[in-house]
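Structure data (compact mmCIF, N, CA and C atoms) from coords_24.txt:
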```
# COMPACT_ATOMS: atom_id res chain seq x y z
N MET X 1 6.32 -25.22 8.14
CA MET X 1 5.21 -24.30 8.35
C MET X 1 3.92 -25.00 7.90
N ASP X 2 2.89 -24.95 8.73
CA ASP X 2 1.62 -25.57 8.36
C ASP X 2 0.61 -24.49 7.95
N ASP X 3 -0.55 -24.94 7.44
CA ASP X 3 -1.55 -24.01 6.92
C ASP X 3 -2.07 -23.06 7.99
N ARG X 4 -2.28 -23.54 9.18
CA ARG X 4 -2.83 -22.70 10.26
C ARG X 4 -1.87 -21.56 10.61
N ARG X 5 -0.61 -21.90 10.75
CA ARG X 5 0.40 -20.87 11.07
C ARG X 5 0.50 -19.86 9.94
N LEU X 6 0.45 -20.31 8.70
CA LEU X 6 0.51 -19.42 7.54
C LEU X 6 -0.68 -18.46 7.55
N GLU X 7 -1.87 -18.97 7.85
CA GLU X 7 -3.06 -18.12 7.91
C GLU X 7 -2.94 -17.06 9.00
N ILE X 8 -2.41 -17.44 10.15
CA ILE X 8 -2.26 -16.50 11.26
C ILE X 8 -1.27 -15.40 10.89
N ILE X 9 -0.15 -15.78 10.30
CA ILE X 9 0.86 -14.78 9.93
C ILE X 9 0.32 -13.85 8.86
N ILE X 10 -0.38 -14.38 7.87
CA ILE X 10 -0.94 -13.54 6.81
C ILE X 10 -2.00 -12.60 7.39
N GLY X 11 -2.81 -13.08 8.30
CA GLY X 11 -3.81 -12.23 8.95
C GLY X 11 -3.16 -11.10 9.73
N GLN X 12 -2.09 -11.40 10.44
CA GLN X 12 -1.37 -10.37 11.18
C GLN X 12 -0.71 -9.37 10.24
N LEU X 13 -0.19 -9.85 9.12
CA LEU X 13 0.40 -8.96 8.11
C LEU X 13 -0.63 -7.99 7.57
N LEU X 14 -1.82 -8.49 7.23
CA LEU X 14 -2.88 -7.63 6.71
C LEU X 14 -3.32 -6.61 7.75
N ARG X 15 -3.51 -7.07 8.97
CA ARG X 15 -3.94 -6.17 10.05
C ARG X 15 -2.90 -5.08 10.30
N ALA X 16 -1.65 -5.45 10.38
CA ALA X 16 -0.58 -4.48 10.64
C ALA X 16 -0.47 -3.49 9.48
N GLY X 17 -0.57 -3.97 8.25
CA GLY X 17 -0.47 -3.08 7.09
C GLY X 17 -1.59 -2.06 7.05
N VAL X 18 -2.80 -2.51 7.30
CA VAL X 18 -3.95 -1.60 7.27
C VAL X 18 -3.88 -0.60 8.42
N LEU X 19 -3.53 -1.06 9.61
CA LEU X 19 -3.44 -0.14 10.75
C LEU X 19 -2.32 0.88 10.58
N LEU X 20 -1.18 0.44 10.06
CA LEU X 20 -0.07 1.37 9.83
C LEU X 20 -0.45 2.40 8.76
N ALA X 21 -1.06 1.94 7.68
CA ALA X 21 -1.49 2.86 6.62
C ALA X 21 -2.52 3.86 7.16
N ALA X 22 -3.47 3.39 7.95
CA ALA X 22 -4.49 4.28 8.51
C ALA X 22 -3.86 5.31 9.45
N ALA X 23 -2.90 4.88 10.25
CA ALA X 23 -2.25 5.81 11.18
C ALA X 23 -1.48 6.89 10.42
N ILE X 24 -0.80 6.51 9.35
CA ILE X 24 -0.03 7.49 8.57
C ILE X 24 -0.97 8.45 7.85
N VAL X 25 -2.05 7.93 7.26
CA VAL X 25 -3.02 8.82 6.59
C VAL X 25 -3.66 9.75 7.61
N LEU X 26 -4.01 9.24 8.78
CA LEU X 26 -4.61 10.07 9.83
C LEU X 26 -3.65 11.16 10.29
N ALA X 27 -2.38 10.81 10.47
CA ALA X 27 -1.39 11.81 10.86
C ALA X 27 -1.23 12.87 9.77
N GLY X 28 -1.18 12.44 8.51
CA GLY X 28 -1.07 13.39 7.41
C GLY X 28 -2.30 14.27 7.31
N GLY X 29 -3.48 13.69 7.51
CA GLY X 29 -4.71 14.47 7.48
C GLY X 29 -4.78 15.48 8.61
N GLY X 30 -4.37 15.08 9.79
CA GLY X 30 -4.34 16.01 10.92
C GLY X 30 -3.35 17.15 10.69
N LEU X 31 -2.19 16.80 10.15
CA LEU X 31 -1.19 17.83 9.83
C LEU X 31 -1.71 18.78 8.75
N TYR X 32 -2.39 18.21 7.75
CA TYR X 32 -2.96 19.04 6.69
C TYR X 32 -3.99 20.03 7.26
N LEU X 33 -4.85 19.54 8.12
CA LEU X 33 -5.86 20.43 8.73
C LEU X 33 -5.21 21.49 9.61
N ALA X 34 -4.16 21.11 10.32
CA ALA X 34 -3.47 22.09 11.17
C ALA X 34 -2.79 23.17 10.34
N GLN X 35 -2.24 22.79 9.19
CA GLN X 35 -1.54 23.75 8.35
C GLN X 35 -2.48 24.58 7.49
N ASN X 36 -3.63 24.05 7.13
CA ASN X 36 -4.52 24.72 6.17
C ASN X 36 -5.91 24.99 6.75
N HIS X 37 -6.01 25.20 8.04
CA HIS X 37 -7.32 25.36 8.67
C HIS X 37 -8.05 26.61 8.20
N SER X 38 -7.35 27.61 7.76
CA SER X 38 -8.02 28.84 7.35
C SER X 38 -8.09 29.00 5.83
N ALA X 39 -7.64 28.01 5.08
CA ALA X 39 -7.66 28.11 3.62
C ALA X 39 -9.09 27.99 3.09
N THR X 40 -9.38 28.72 2.05
CA THR X 40 -10.70 28.67 1.42
C THR X 40 -10.69 27.61 0.33
N ALA X 41 -11.71 26.78 0.31
CA ALA X 41 -11.83 25.74 -0.71
C ALA X 41 -12.41 26.34 -1.99
N HIS X 42 -11.81 25.99 -3.11
CA HIS X 42 -12.28 26.44 -4.42
C HIS X 42 -12.74 25.20 -5.19
N PHE X 43 -14.03 24.93 -5.14
CA PHE X 43 -14.55 23.72 -5.75
C PHE X 43 -14.80 23.85 -7.24
N HIS X 44 -14.73 25.04 -7.78
CA HIS X 44 -15.01 25.22 -9.21
C HIS X 44 -13.78 24.96 -10.07
N THR X 45 -12.60 24.82 -9.47
CA THR X 45 -11.39 24.48 -10.23
C THR X 45 -10.74 23.25 -9.62
N PHE X 46 -10.12 22.48 -10.49
CA PHE X 46 -9.42 21.28 -10.04
C PHE X 46 -7.92 21.50 -10.22
N ARG X 47 -7.18 21.30 -9.14
CA ARG X 47 -5.73 21.41 -9.20
C ARG X 47 -5.13 20.05 -8.89
N MET X 48 -4.30 19.57 -9.82
CA MET X 48 -3.62 18.30 -9.58
C MET X 48 -2.48 18.52 -8.60
N GLU X 49 -2.08 17.43 -7.96
CA GLU X 49 -0.93 17.51 -7.07
C GLU X 49 0.32 17.82 -7.89
N GLY X 50 1.31 18.33 -7.23
CA GLY X 50 2.57 18.65 -7.89
C GLY X 50 3.26 17.41 -8.43
N GLU X 51 4.23 17.64 -9.26
CA GLU X 51 4.97 16.54 -9.89
C GLU X 51 5.65 15.65 -8.85
N ASP X 52 6.04 16.22 -7.71
CA ASP X 52 6.73 15.45 -6.69
C ASP X 52 5.85 14.39 -6.04
N LEU X 53 4.53 14.54 -6.12
CA LEU X 53 3.64 13.55 -5.52
C LEU X 53 3.07 12.57 -6.54
N ARG X 54 3.67 12.51 -7.71
CA ARG X 54 3.21 11.56 -8.74
C ARG X 54 4.19 10.43 -8.96
N THR X 55 5.32 10.44 -8.25
CA THR X 55 6.30 9.37 -8.36
C THR X 55 6.57 8.78 -6.99
N LEU X 56 7.00 7.55 -6.97
CA LEU X 56 7.28 6.88 -5.69
C LEU X 56 8.38 7.61 -4.92
N GLY X 57 9.45 7.99 -5.61
CA GLY X 57 10.54 8.70 -4.95
C GLY X 57 10.10 10.04 -4.38
N GLY X 58 9.28 10.75 -5.16
CA GLY X 58 8.78 12.05 -4.69
C GLY X 58 7.89 11.91 -3.48
N ILE X 59 7.06 10.88 -3.48
CA ILE X 59 6.17 10.66 -2.33
C ILE X 59 6.97 10.33 -1.08
N ILE X 60 7.99 9.49 -1.24
CA ILE X 60 8.81 9.11 -0.09
C ILE X 60 9.58 10.32 0.44
N ARG X 61 10.15 11.14 -0.46
CA ARG X 61 10.86 12.35 -0.01
C ARG X 61 9.91 13.31 0.69
N SER X 62 8.73 13.49 0.13
CA SER X 62 7.76 14.40 0.73
C SER X 62 7.32 13.91 2.10
N ALA X 63 7.08 12.62 2.23
CA ALA X 63 6.69 12.05 3.53
C ALA X 63 7.83 12.14 4.53
N ALA X 64 9.07 11.96 4.07
CA ALA X 64 10.23 12.04 4.96
C ALA X 64 10.41 13.46 5.50
N HIS X 65 9.99 14.45 4.73
CA HIS X 65 10.06 15.84 5.19
C HIS X 65 8.79 16.26 5.95
N LEU X 66 7.94 15.28 6.23
CA LEU X 66 6.69 15.47 6.99
C LEU X 66 5.74 16.48 6.34
N HIS X 67 5.71 16.48 5.01
CA HIS X 67 4.69 17.27 4.31
C HIS X 67 3.38 16.50 4.38
N SER X 68 2.30 17.18 4.67
CA SER X 68 1.02 16.50 4.90
C SER X 68 0.56 15.71 3.69
N ALA X 69 0.61 16.30 2.51
CA ALA X 69 0.16 15.58 1.31
C ALA X 69 1.03 14.35 1.04
N GLY X 70 2.33 14.47 1.31
CA GLY X 70 3.22 13.33 1.13
C GLY X 70 2.91 12.20 2.10
N LEU X 71 2.58 12.56 3.34
CA LEU X 71 2.22 11.53 4.32
C LEU X 71 0.93 10.82 3.91
N ILE X 72 -0.04 11.58 3.43
CA ILE X 72 -1.30 10.97 3.01
C ILE X 72 -1.06 10.03 1.83
N GLN X 73 -0.29 10.49 0.85
CA GLN X 73 0.01 9.66 -0.33
C GLN X 73 0.78 8.41 0.08
N PHE X 74 1.74 8.55 0.99
CA PHE X 74 2.53 7.41 1.44
C PHE X 74 1.65 6.39 2.16
N GLY X 75 0.73 6.86 2.99
CA GLY X 75 -0.19 5.96 3.67
C GLY X 75 -1.06 5.20 2.69
N LEU X 76 -1.51 5.89 1.64
CA LEU X 76 -2.31 5.21 0.62
C LEU X 76 -1.49 4.18 -0.16
N LEU X 77 -0.21 4.50 -0.41
CA LEU X 77 0.65 3.50 -1.07
C LEU X 77 0.84 2.27 -0.18
N LEU X 78 0.98 2.49 1.12
CA LEU X 78 1.09 1.34 2.04
C LEU X 78 -0.19 0.51 2.02
N LEU X 79 -1.31 1.19 1.93
CA LEU X 79 -2.58 0.47 1.88
C LEU X 79 -2.67 -0.39 0.62
N ILE X 80 -2.19 0.14 -0.49
CA ILE X 80 -2.17 -0.62 -1.75
C ILE X 80 -1.16 -1.76 -1.67
N ALA X 81 -0.03 -1.52 -1.02
CA ALA X 81 1.03 -2.53 -0.94
C ALA X 81 0.68 -3.69 0.00
N THR X 82 -0.25 -3.50 0.90
CA THR X 82 -0.58 -4.53 1.88
C THR X 82 -1.09 -5.83 1.23
N PRO X 83 -2.10 -5.79 0.34
CA PRO X 83 -2.51 -7.05 -0.27
C PRO X 83 -1.46 -7.64 -1.20
N VAL X 84 -0.62 -6.80 -1.79
CA VAL X 84 0.46 -7.32 -2.63
C VAL X 84 1.45 -8.09 -1.75
N ALA X 85 1.78 -7.54 -0.59
CA ALA X 85 2.67 -8.23 0.34
C ALA X 85 2.04 -9.54 0.82
N ARG X 86 0.73 -9.55 0.96
CA ARG X 86 0.04 -10.78 1.37
C ARG X 86 0.21 -11.87 0.32
N VAL X 87 0.09 -11.51 -0.95
CA VAL X 87 0.25 -12.49 -2.03
C VAL X 87 1.70 -12.99 -2.08
N VAL X 88 2.66 -12.08 -1.91
CA VAL X 88 4.07 -12.48 -1.89
C VAL X 88 4.32 -13.45 -0.74
N PHE X 89 3.81 -13.11 0.43
CA PHE X 89 4.02 -13.98 1.59
C PHE X 89 3.33 -15.33 1.39
N ALA X 90 2.15 -15.32 0.78
CA ALA X 90 1.46 -16.59 0.53
C ALA X 90 2.27 -17.45 -0.43
N ALA X 91 2.83 -16.85 -1.47
CA ALA X 91 3.65 -17.62 -2.42
C ALA X 91 4.86 -18.23 -1.73
N VAL X 92 5.52 -17.45 -0.88
CA VAL X 92 6.68 -17.96 -0.14
C VAL X 92 6.26 -19.06 0.83
N GLY X 93 5.15 -18.85 1.52
CA GLY X 93 4.65 -19.86 2.46
C GLY X 93 4.28 -21.17 1.77
N PHE X 94 3.59 -21.06 0.64
CA PHE X 94 3.24 -22.28 -0.11
C PHE X 94 4.48 -22.97 -0.64
N HIS X 95 5.48 -22.19 -1.05
CA HIS X 95 6.73 -22.79 -1.51
C HIS X 95 7.42 -23.54 -0.37
N MET X 96 7.40 -22.96 0.83
CA MET X 96 8.01 -23.62 1.99
C MET X 96 7.26 -24.89 2.35
N GLU X 97 5.93 -24.90 2.08
CA GLU X 97 5.14 -26.10 2.34
C GLU X 97 5.28 -27.13 1.23
N ARG X 98 5.99 -26.76 0.17
CA ARG X 98 6.18 -27.60 -1.01
C ARG X 98 4.87 -27.88 -1.74
N ASP X 99 3.99 -26.90 -1.73
CA ASP X 99 2.71 -27.00 -2.43
C ASP X 99 2.86 -26.26 -3.76
N ARG X 100 3.22 -27.00 -4.80
CA ARG X 100 3.55 -26.38 -6.09
C ARG X 100 2.35 -25.70 -6.73
N LEU X 101 1.19 -26.32 -6.66
CA LEU X 101 0.01 -25.76 -7.31
C LEU X 101 -0.32 -24.39 -6.75
N TYR X 102 -0.41 -24.26 -5.43
CA TYR X 102 -0.75 -22.97 -4.84
C TYR X 102 0.38 -21.95 -4.97
N THR X 103 1.62 -22.42 -5.03
CA THR X 103 2.73 -21.51 -5.29
C THR X 103 2.60 -20.90 -6.67
N VAL X 104 2.30 -21.72 -7.67
CA VAL X 104 2.14 -21.22 -9.04
C VAL X 104 0.93 -20.29 -9.13
N VAL X 105 -0.18 -20.67 -8.51
CA VAL X 105 -1.37 -19.81 -8.53
C VAL X 105 -1.07 -18.47 -7.86
N SER X 106 -0.37 -18.47 -6.73
CA SER X 106 -0.01 -17.23 -6.05
C SER X 106 0.90 -16.37 -6.91
N LEU X 107 1.84 -16.98 -7.61
CA LEU X 107 2.73 -16.21 -8.49
C LEU X 107 1.98 -15.63 -9.68
N ILE X 108 0.98 -16.34 -10.19
CA ILE X 108 0.16 -15.80 -11.28
C ILE X 108 -0.64 -14.60 -10.77
N VAL X 109 -1.23 -14.73 -9.60
CA VAL X 109 -1.98 -13.61 -9.01
C VAL X 109 -1.04 -12.42 -8.79
N LEU X 110 0.17 -12.67 -8.30
CA LEU X 110 1.14 -11.61 -8.11
C LEU X 110 1.49 -10.93 -9.43
N ALA X 111 1.68 -11.72 -10.47
CA ALA X 111 1.99 -11.14 -11.78
C ALA X 111 0.85 -10.26 -12.28
N VAL X 112 -0.39 -10.70 -12.08
CA VAL X 112 -1.54 -9.88 -12.50
C VAL X 112 -1.61 -8.60 -11.69
N LEU X 113 -1.37 -8.68 -10.38
CA LEU X 113 -1.39 -7.48 -9.54
C LEU X 113 -0.31 -6.48 -9.97
N VAL X 114 0.91 -6.97 -10.16
CA VAL X 114 2.01 -6.09 -10.54
C VAL X 114 1.75 -5.48 -11.91
N PHE X 115 1.27 -6.28 -12.86
CA PHE X 115 0.97 -5.77 -14.19
C PHE X 115 -0.10 -4.68 -14.13
N SER X 116 -1.15 -4.92 -13.36
CA SER X 116 -2.23 -3.94 -13.28
C SER X 116 -1.78 -2.66 -12.57
N LEU X 117 -0.91 -2.78 -11.57
CA LEU X 117 -0.40 -1.59 -10.90
C LEU X 117 0.55 -0.79 -11.78
N MET X 118 1.33 -1.47 -12.59
CA MET X 118 2.30 -0.79 -13.45
C MET X 118 1.65 -0.17 -14.67
N HIS X 119 0.54 -0.70 -15.12
CA HIS X 119 -0.10 -0.21 -16.34
C HIS X 119 -1.41 0.51 -16.08
N ALA X 120 -1.65 0.91 -14.85
CA ALA X 120 -2.87 1.66 -14.54
C ALA X 120 -2.71 3.09 -15.03
N THR X 121 -3.81 3.65 -15.52
CA THR X 121 -3.74 5.05 -15.99
C THR X 121 -4.70 5.90 -15.21
```
Reformat the file's structure so that it appears as structure tokens.
Amino acid sequence: MDDRRLEIIIGQLLRAGVLLAAAIVLAGGGLYLAQNHSATAHFHTFRMEGEDLRTLGGIIRSAAHLHSAGLIQFGLLLLIATPVARVVFAAVGFHMERDRLYTVVSLIVLAVLVFSLMHAT
């Protein structure tokens, strides 16, 4: 695998991830509007999402049952996962090219991304 081919594949990965995430969020948003078109907005109180939409498993179950909020959350998770997948693919690509320096740098970036995602509050 050469650098040009790696760049093309990574570009396609990013494009596909963003388009898929946008389509899922759009579908969830459309479903939400269809289900709640007559609901009154209460801006003076803040309601957090239910416990089922705060965990990865809950989001996946909710999206699988085609709940609008679950679809929106799942699309946003895909959007977050897209650059992480790009870094993983870059590390694998650099390893296949036998470029140790960029493989190590990509793995360090991946470690920072995973650490920041796991310890975000």
Surrounding residues of stretch 77-85 of chain X excluding itself and chain neighbours under 6 positions, 8 Å, all atoms listed in the file, as a PyMOL selection string: chain X and resi 10+13-14+16-22+71+91+110+113-114
Store the residues of this selection in a file with N, CA and C atoms, as a JSON list (two decimals), in the coordinates of the input.
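Listed below is the output, result-v2.json:
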```json
[["chain", "number", "residue", "atom", "x", "y", "z"],
["X", 10, "ILE", "N", -0.38, -14.38, 7.87],
["X", 10, "ILE", "CA", -0.94, -13.54, 6.81],
["X", 10, "ILE", "C", -2.00, -12.60, 7.39],
["X", 13, "LEU", "N", -0.19, -9.85, 9.12],
["X", 13, "LEU", "CA", 0.40, -8.96, 8.11],
["X", 13, "LEU", "C", -0.63, -7.99, 7.57],
["X", 14, "LEU", "N", -1.82, -8.49, 7.23],
["X", 14, "LEU", "CA", -2.88, -7.63, 6.71],
["X", 14, "LEU", "C", -3.32, -6.61, 7.75],
["X", 16, "ALA", "N", -1.65, -5.45, 10.38],
["X", 16, "ALA", "CA", -0.58, -4.48, 10.64],
["X", 16, "ALA", "C", -0.47, -3.49, 9.48],
["X", 17, "GLY", "N", -0.57, -3.97, 8.25],
["X", 17, "GLY", "CA", -0.47, -3.08, 7.09],
["X", 17, "GLY", "C", -1.59, -2.06, 7.05],
["X", 18, "VAL", "N", -2.80, -2.51, 7.30],
["X", 18, "VAL", "CA", -3.95, -1.60, 7.27],
["X", 18, "VAL", "C", -3.88, -0.60, 8.42],
["X", 19, "LEU", "N", -3.53, -1.06, 9.61],
["X", 19, "LEU", "CA", -3.44, -0.14, 10.75],
["X", 19, "LEU", "C", -2.32, 0.88, 10.58],
["X", 20, "LEU", "N", -1.18, 0.44, 10.06],
["X", 20, "LEU", "CA", -0.07, 1.37, 9.83],
["X", 20, "LEU", "C", -0.45, 2.40, 8.76],
["X", 21, "ALA", "N", -1.06, 1.94, 7.68],
["X", 21, "ALA", "CA", -1.49, 2.86, 6.62],
["X", 21, "ALA", "C", -2.52, 3.86, 7.16],
["X", 22, "ALA", "N", -3.47, 3.39, 7.95],
["X", 22, "ALA", "CA", -4.49, 4.28, 8.51],
["X", 22, "ALA", "C", -3.86, 5.31, 9.45],
["X", 71, "LEU", "N", 2.58, 12.56, 3.34],
["X", 71, "LEU", "CA", 2.22, 11.53, 4.32],
["X", 71, "LEU", "C", 0.93, 10.82, 3.91],
["X", 91, "ALA", "N", 2.83, -16.85, -1.47],
["X", 91, "ALA", "CA", 3.65, -17.62, -2.42],
["X", 91, "ALA", "C", 4.86, -18.23, -1.73],
["X", 110, "LEU", "N", 0.17, -12.67, -8.30],
["X", 110, "LEU", "CA", 1.14, -11.61, -8.11],
["X", 110, "LEU", "C", 1.49, -10.93, -9.43],
["X", 113, "LEU", "N", -1.37, -8.68, -10.38],
["X", 113, "LEU", "CA", -1.39, -7.48, -9.54],
["X", 113, "LEU", "C", -0.31, -6.48, -9.97],
["X", 114, "VAL", "N", 0.91, -6.97, -10.16],
["X", 114, "VAL", "CA", 2.01, -6.09, -10.54],
["X", 114, "VAL", "C", 1.75, -5.48, -11.91]]
```
In stretch 18-91 of chain X, DSSP alpha helix (DSSP H) residues written as a VMD selection string: chain X and resid 18 to 35 56 to 64 68 to 91
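Closest approach to X:Gly30 among X:Ser68, X:Gln12, X:Thr55, X:Ser62: X:Ser68, based on only N, CA and C atoms.
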Contacts of X:Asp52 at 8 Å (all atoms listed in the file; same-chain gap of 4+ positions) as a ChimeraX atom specification: /X:56-62,70
d(atom CA of X:Arg4, atom CA of X:Val112) in Å: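 Answer for the atom CA of X:Arg4 to atom CA of X:Val112 separation: 26.2 Å.
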Point-to-point distance from atom CA of X:Leu76 to atom CA of X:Gly93, Å rounded to tenths: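 A separation of 26.1 Å between them.
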Let me know the centre plus edge lengths, in Å and rounded to one decimal, of a box with edges along x, y and z that contains all listed atoms of stretch 36-52 of chain X and is padded by 4 Å on every side, as lines of an AutoDock Vina configuration file.
```
center_x = -4.1
center_y = 21.7
center_z = -0.9
size_x = 29.7
size_y = 22.6
size_z = 27.2
```
